[in-house]
>>> print(open('target.txt').read())   # compact mmCIF, C-alpha atoms
# COMPACT_ATOMS: atom_id res chain seq x y z
CA MET A 1 -80.82 87.73 -13.22
CA PRO A 2 -78.17 85.88 -11.15
CA ARG A 3 -74.67 85.87 -12.55
CA ALA A 4 -73.26 82.55 -13.67
CA ARG A 5 -70.72 81.18 -11.26
CA LYS A 6 -67.20 80.67 -12.46
CA PRO A 7 -66.20 76.98 -12.23
CA ALA A 8 -64.00 76.28 -9.23
CA SER A 9 -60.37 75.62 -10.07
CA PRO A 10 -59.34 71.95 -9.64
CA PHE A 11 -55.99 73.23 -8.27
CA ARG A 12 -57.52 75.21 -5.39
CA TYR A 13 -56.60 72.69 -2.67
CA PHE A 14 -52.97 72.31 -3.77
CA ASN A 15 -50.09 74.56 -2.76
CA SER A 16 -48.11 73.97 -5.94
CA SER A 17 -48.75 75.96 -9.10
CA PRO A 18 -50.78 74.48 -11.99
CA GLU A 19 -47.67 74.75 -14.20
CA VAL A 20 -45.69 72.42 -11.92
CA ILE A 21 -48.58 69.95 -11.66
CA ARG A 22 -48.95 69.85 -15.44
CA LEU A 23 -45.20 69.30 -15.82
CA VAL A 24 -45.25 66.41 -13.35
CA VAL A 25 -48.20 64.68 -15.04
CA LEU A 26 -46.60 65.14 -18.46
CA MET A 27 -43.24 63.71 -17.38
CA TYR A 28 -44.75 60.67 -15.70
CA VAL A 29 -47.46 59.73 -18.18
CA ARG A 30 -45.86 60.60 -21.49
CA PHE A 31 -42.35 59.26 -20.90
CA PRO A 32 -41.33 55.76 -19.70
CA ARG A 33 -40.14 56.83 -16.25
CA SER A 34 -40.88 55.59 -12.76
CA LEU A 35 -42.23 57.72 -9.93
CA ARG A 36 -38.76 58.06 -8.43
CA ASN A 37 -37.21 58.93 -11.81
CA VAL A 38 -39.61 61.85 -12.09
CA GLU A 39 -38.82 62.90 -8.51
CA ASP A 40 -35.07 62.97 -9.27
CA LEU A 41 -35.48 64.86 -12.55
CA LEU A 42 -37.65 67.49 -10.89
CA PHE A 43 -35.11 67.88 -8.08
CA GLU A 44 -32.49 68.76 -10.70
CA ARG A 45 -34.82 71.55 -11.83
CA GLY A 46 -35.15 72.86 -8.29
CA ILE A 47 -38.54 71.27 -7.56
CA ASP A 48 -38.42 69.15 -4.42
CA ILE A 49 -41.41 66.80 -4.17
CA CYS A 50 -41.86 63.21 -3.00
CA HIS A 51 -42.52 60.37 -5.45
CA GLU A 52 -45.85 59.80 -3.69
CA THR A 53 -46.81 63.34 -4.66
CA VAL A 54 -46.15 62.38 -8.28
CA ARG A 55 -48.51 59.41 -7.79
CA LEU A 56 -51.18 61.61 -6.19
CA TRP A 57 -51.02 64.24 -8.93
CA TRP A 58 -51.24 61.89 -11.88
CA ASN A 59 -54.13 60.04 -10.23
CA SER A 60 -55.96 63.30 -9.49
CA PHE A 61 -55.23 65.35 -12.59
CA GLY A 62 -54.32 62.82 -15.29
CA PRO A 63 -57.96 61.86 -16.03
CA LEU A 64 -58.92 65.55 -15.97
CA PHE A 65 -56.30 66.58 -18.53
CA ALA A 66 -56.95 63.51 -20.69
CA GLY A 67 -60.69 64.19 -20.67
CA ASP A 68 -60.15 67.72 -21.98
CA ILE A 69 -57.98 66.41 -24.84
CA ARG A 70 -60.51 63.71 -25.72
CA ARG A 71 -63.51 66.07 -25.73
CA GLN A 72 -61.80 68.51 -28.08
CA ARG A 73 -60.81 65.76 -30.49
CA VAL A 74 -64.28 64.18 -30.44
CA SER A 75 -65.89 67.55 -31.24
CA ARG A 76 -63.53 68.03 -34.19
CA MET A 77 -63.85 64.53 -35.64
CA ARG A 78 -67.56 63.74 -35.22
CA GLY A 79 -68.41 65.29 -38.58
CA PHE A 80 -65.67 63.37 -40.39
CA ARG A 81 -67.40 60.77 -42.57
CA HIS A 82 -64.45 58.91 -44.10
CA TRP A 83 -63.24 57.60 -40.77
CA ARG A 84 -61.46 54.24 -40.61
CA TRP A 85 -61.08 52.45 -37.28
CA HIS A 86 -58.67 49.67 -36.37
CA LEU A 87 -59.61 47.40 -33.45
CA ASP A 88 -57.35 45.03 -31.57
CA GLU A 89 -56.82 43.52 -28.14
CA MET A 90 -53.56 42.99 -26.26
CA TYR A 91 -52.59 40.86 -23.26
CA VAL A 92 -51.67 42.61 -20.02
CA LYS A 93 -50.53 40.67 -16.96
CA LEU A 94 -52.00 41.59 -13.55
CA ASN A 95 -50.47 39.71 -10.63
CA GLY A 96 -49.78 36.71 -12.83
CA GLU A 97 -53.26 36.73 -14.41
CA MET A 98 -53.84 37.69 -18.04
CA VAL A 99 -56.45 40.34 -18.85
CA TYR A 100 -57.30 41.99 -22.16
CA LEU A 101 -56.87 45.63 -23.12
CA TRP A 102 -59.12 46.42 -26.10
CA ARG A 103 -58.06 49.42 -28.16
CA ALA A 104 -59.61 51.36 -31.04
CA VAL A 105 -57.26 53.40 -33.24
CA ASP A 106 -58.28 55.75 -36.04
CA HIS A 107 -56.82 56.23 -39.52
CA GLU A 108 -54.23 58.69 -38.14
CA GLY A 109 -52.94 56.23 -35.55
CA GLU A 110 -54.48 58.01 -32.56
CA VAL A 111 -56.05 55.90 -29.84
CA LEU A 112 -59.78 56.49 -29.53
CA GLU A 113 -60.77 54.12 -26.76
CA SER A 114 -59.17 51.73 -24.26
CA TYR A 115 -61.20 49.13 -22.39
CA VAL A 116 -60.05 46.40 -19.97
CA THR A 117 -61.85 43.06 -19.56
CA LYS A 118 -61.07 39.66 -18.06
CA SER A 119 -62.38 37.75 -21.08
CA ARG A 120 -62.17 37.98 -24.87
CA ASP A 121 -65.68 36.83 -25.71
CA LYS A 122 -68.59 38.38 -27.57
CA ALA A 123 -69.91 40.22 -24.49
CA ALA A 124 -66.55 41.92 -23.90
CA ALA A 125 -66.19 42.95 -27.55
CA LEU A 126 -69.77 44.22 -27.62
CA ALA A 127 -69.29 46.36 -24.49
CA PHE A 128 -66.07 47.80 -25.91
CA MET A 129 -67.58 48.63 -29.31
CA LYS A 130 -70.73 50.15 -27.82
CA LYS A 131 -68.59 52.44 -25.68
CA ALA A 132 -66.43 53.53 -28.63
CA LEU A 133 -69.39 54.11 -30.98
CA LYS A 134 -71.36 56.07 -28.40
CA ARG A 135 -68.45 58.40 -27.68
CA HIS A 136 -66.95 58.85 -31.15
CA GLY A 137 -69.73 58.19 -33.63
CA SER A 138 -69.80 55.66 -36.44
CA PRO A 139 -66.85 55.15 -38.82
CA GLU A 140 -66.99 54.22 -42.49
CA VAL A 141 -64.82 51.10 -42.11
CA ILE A 142 -63.83 49.01 -39.09
CA THR A 143 -60.67 46.95 -39.60
CA THR A 144 -60.09 43.96 -37.32
CA ASP A 145 -58.02 40.80 -37.20
CA GLY A 146 -59.49 37.35 -37.72
CA LEU A 147 -60.92 36.99 -34.20
CA ARG A 148 -64.52 35.82 -34.63
CA THR A 149 -65.60 37.75 -31.55
CA TYR A 150 -65.58 40.98 -33.57
CA GLY A 151 -67.88 39.57 -36.23
CA ALA A 152 -70.35 38.30 -33.61
CA ALA A 153 -70.40 41.68 -31.85
CA MET A 154 -70.84 43.58 -35.14
CA ASN A 155 -73.70 41.28 -36.14
CA LYS A 156 -75.38 42.25 -32.89
CA LEU A 157 -74.81 45.95 -33.60
CA GLY A 158 -75.97 45.63 -37.20
CA ASN A 159 -72.82 47.02 -38.83
CA ARG A 160 -71.13 43.82 -40.03
CA GLU A 161 -70.91 45.22 -43.58
CA LYS A 162 -68.37 47.77 -42.31
CA GLN A 163 -65.91 45.13 -41.14
CA GLU A 164 -62.69 44.62 -43.05
CA VAL A 165 -60.28 41.78 -42.30
CA GLY A 166 -56.84 41.45 -43.86
CA ARG A 167 -53.48 39.90 -43.09
CA TRP A 168 -51.61 43.20 -42.77
CA ALA A 169 -54.57 45.59 -42.73
CA ASN A 170 -54.39 45.99 -38.96
CA ASN A 171 -50.71 46.92 -38.67
CA ARG A 172 -51.60 50.46 -37.60
CA VAL A 173 -53.16 49.35 -34.34
CA GLU A 174 -50.47 46.73 -33.77
CA ASN A 175 -47.81 49.45 -33.97
CA SER A 176 -49.80 51.71 -31.66
CA HIS A 177 -49.33 49.15 -28.85
CA LEU A 178 -45.59 49.88 -28.66
CA PRO A 179 -45.67 53.16 -26.64
CA PHE A 180 -47.94 51.54 -24.07
CA ARG A 181 -45.71 48.45 -23.87
CA ARG A 182 -42.66 50.65 -23.18
CA ARG A 183 -44.62 52.49 -20.49
CA GLU A 184 -45.81 49.21 -18.97
CA ARG A 185 -42.24 47.95 -18.56
CA ALA A 186 -41.17 51.18 -16.84
CA MET A 187 -44.02 50.80 -14.33
CA LEU A 188 -43.03 47.17 -13.61
CA ARG A 189 -46.50 46.14 -14.81
CA PHE A 190 -49.87 46.81 -13.19
CA ARG A 191 -51.52 45.29 -10.14
CA HIS A 192 -55.21 46.23 -10.42
CA MET A 193 -57.69 46.42 -13.30
CA LYS A 194 -58.93 49.82 -12.14
CA THR A 195 -55.39 51.26 -12.26
CA LEU A 196 -54.78 49.72 -15.67
CA GLN A 197 -58.01 51.16 -17.06
CA LYS A 198 -57.27 54.62 -15.73
CA PHE A 199 -53.66 54.73 -16.87
CA ALA A 200 -54.41 53.29 -20.32
CA SER A 201 -57.02 55.99 -20.97
CA VAL A 202 -54.85 58.82 -19.65
CA HIS A 203 -51.74 57.63 -21.48
CA ALA A 204 -53.61 57.25 -24.78
CA ASN A 205 -55.02 60.78 -24.78
CA ILE A 206 -51.82 62.50 -23.69
CA HIS A 207 -49.84 60.47 -26.23
CA ASN A 208 -52.37 61.57 -28.90
CA HIS A 209 -51.81 65.23 -28.03
CA PHE A 210 -48.07 64.97 -28.62
CA SER A 211 -48.23 62.54 -31.55
CA LEU A 212 -46.97 64.86 -34.30
CA GLU A 213 -46.10 62.37 -37.07
CA ARG A 214 -42.46 63.41 -37.01
CA HIS A 215 -41.55 60.76 -39.60
CA LEU A 216 -43.88 62.37 -42.19
CA VAL A 217 -42.83 66.03 -41.98
CA ASP A 218 -39.61 68.02 -42.20
CA ARG A 219 -37.73 69.16 -39.12
CA GLN A 220 -38.96 72.76 -39.21
CA THR A 221 -42.62 71.74 -39.43
CA TYR A 222 -42.15 69.25 -36.62
CA ARG A 223 -40.58 71.89 -34.36
CA LYS A 224 -43.53 74.24 -34.94
CA ARG A 225 -46.05 71.51 -34.17
CA ARG A 226 -44.17 70.42 -31.07
CA SER A 227 -43.97 74.00 -29.76
CA ALA A 228 -47.68 74.53 -30.40
CA ALA A 229 -48.64 71.28 -28.63
CA LEU A 230 -46.47 72.11 -25.62
CA ALA A 231 -47.79 75.68 -25.40
CA GLU A 232 -51.37 74.39 -25.53
CA TRP A 233 -50.60 71.89 -22.78
CA ARG A 234 -49.03 74.51 -20.52
CA SER A 235 -51.86 76.97 -21.02
CA GLY A 236 -54.48 74.39 -20.06
CA ARG A 237 -56.44 74.76 -23.32
CA CYS A 238 -56.12 71.06 -24.14
>>> encode(input="target.txt", output="C-alpha cells")
Amino acid sequence: MPRARKPASPFRYFNSSPEVIRLVVLMYVRFPRSLRNVEDLLFERGIDICHETVRLWWNSFGPLFAGDIRRQRVSRMRGFRHWRWHLDEMYVKLNGEMVYLWRAVDHEGEVLESYVTKSRDKAAALAFMKKALKRHGSPEVITTDGLRTYGAAMNKLGNREKQEVGRWANNRVENSHLPFRRRERAMLRFRHMKTLQKFASVHANIHNHFSLERHLVDRQTYRKRRSAALAEWRSGRC
C-alpha cells in the first residue's frame, strides 16, 4: 500500500523562516500600520525586508492563515443551535465610487462572513446570505436593520420567521465595523474590489483569533488568553 504523501510546505519557496512570515502578516493585518511602518518596525528588530515583501507575504499567506482560523471555528460552532447572527452593510469608497461590504457577525461579536458588492439590492443580499449559510450553517435568529432588502432575500430563502429587527438590536455588528474602519484609514483606502474582498476576509479572521473580550475578564485571565492565542498563531495550529 503506497504511503500517504506529506503535504508540501507553503513556505518552501521562501528563504525566510515561517516564524518571520507569520510575524509580518500579523503586524500588517492585525494592527493599523502601513507597509512602510511594518518595514521600519521589523528593521528595529533586526529584520531587514522591503515594504514590497510585506505586501507579497500578506497577499500570499494572509488568506492561508485566515482560512485555517475560519475552518477551525466553523467546525466548533456548527453544532451550536442557539446561534444569533447580526447582518449589516457598510460603505467603502473605491477610487471615488461607493461599494458595499456586507458583514455577518455572531452573538460573540466575531465576524463570520464578508462580501463585497456594487449594489445593495435583493440579489446582492441573497448572494451574501447564501454564502454565509452554506459555510456556517443556520442560526436561530438573524438580526438586521430596517433595510427591506434583507426581508426580500429571507423570503426567497424561506427563513423570514428568523428575522428580528430593532432600533438598537444591531449595535453589535455596528461596533464590529470600527476595527476595519481604523485599518482602512491606515491603508489610505482601497483601489480594487478584489483587494477589498481579500483583505476584509483576512482581517476579519485574524481579528477574530485575537479578539479576547478584554473588557469582560480580569487582567490575569486576559493575559493567559492572549498568550495562548499568540502561541497558537506562532505554532501554525490556527
>>> closest_residue(input="target.txt", among="A:Arg226, A:Thr143, A:Ala153, A:Arg103", to="Tyr115 of chain A", atoms="all atoms listed in the file")
A:Arg103
>>> residues_around(input="target.txt", residues="Thr53 of chain A", least_positions_apart="3", cutoff="12 Å", atoms="all atoms listed in the file", output="count of residues only")
23
>>> residues_around(input="target.txt", residues="segment 175-185 of chain A", least_positions_apart="2", cutoff="10 Å", atoms="only C-alpha atoms", output="compact mmCIF listing (two decimals) with C-alpha atoms, in the coordinates of the input")
# COMPACT_ATOMS: atom_id res chain seq x y z
CA TYR A 28 -44.75 60.67 -15.70
CA VAL A 29 -47.46 59.73 -18.18
CA ARG A 30 -45.86 60.60 -21.49
CA PHE A 31 -42.35 59.26 -20.90
CA PRO A 32 -41.33 55.76 -19.70
CA ARG A 33 -40.14 56.83 -16.25
CA SER A 34 -40.88 55.59 -12.76
CA ASP A 88 -57.35 45.03 -31.57
CA GLU A 89 -56.82 43.52 -28.14
CA MET A 90 -53.56 42.99 -26.26
CA VAL A 92 -51.67 42.61 -20.02
CA LYS A 93 -50.53 40.67 -16.96
CA ARG A 103 -58.06 49.42 -28.16
CA ALA A 104 -59.61 51.36 -31.04
CA VAL A 105 -57.26 53.40 -33.24
CA GLY A 109 -52.94 56.23 -35.55
CA GLU A 110 -54.48 58.01 -32.56
CA VAL A 111 -56.05 55.90 -29.84
CA ASN A 170 -54.39 45.99 -38.96
CA ASN A 171 -50.71 46.92 -38.67
CA ARG A 172 -51.60 50.46 -37.60
CA VAL A 173 -53.16 49.35 -34.34
CA MET A 187 -44.02 50.80 -14.33
CA LEU A 188 -43.03 47.17 -13.61
CA ARG A 189 -46.50 46.14 -14.81
CA PHE A 190 -49.87 46.81 -13.19
CA LEU A 196 -54.78 49.72 -15.67
CA PHE A 199 -53.66 54.73 -16.87
CA ALA A 200 -54.41 53.29 -20.32
CA HIS A 203 -51.74 57.63 -21.48
CA ALA A 204 -53.61 57.25 -24.78
CA HIS A 207 -49.84 60.47 -26.23
>>> atom_distance(input="target.txt", atom1="atom CA of Glu52 of chain A", atom2="atom CA of Ala229 of chain A")
27.6 Å
>>> atom_distance(input="target.txt", atom1="atom CA of Glu19 of chain A", atom2="atom CA of Arg234 of chain A")
6.5 Å
>>> atom_distance(input="target.txt", atom1="atom CA of Thr149 of chain A", atom2="atom CA of Arg191 of chain A")
26.7 Å
>>> closest_residue(input="target.txt", among="A:His82, A:Lys224, A:Arg71, A:Arg148", to="Arg120 of chain A", atoms="all atoms listed in the file")
A:Arg148
>>> closest_residue(input="target.txt", among="A:Lys162, A:Lys118, A:Lys130, A:Arg76", to="Gln197 of chain A", atoms="all atoms listed in the file")
A:Lys118
>>> residues_around(input="target.txt", residues="segment 133-141 of chain A", least_positions_apart="5", cutoff="8 Å", atoms="only C-alpha atoms", output="VMD selection string")
chain A and resid 74 77 to 78 81 to 85 112 162 to 164
>>> axis_aligned_box(input="target.txt", around="segment 82-100 of chain A", padding_each_side="4 Å", output="JSON")
{"center_x": -57.1, "center_y": 47.8, "center_z": -27.4, "size_x": 22.7, "size_y": 30.2, "size_z": 41.5}
>>> closest_residue(input="target.txt", among="A:Ala66, A:Thr144, A:Phe43, A:Ala231", to="Arg160 of chain A", atoms="all atoms listed in the file")
A:Thr144
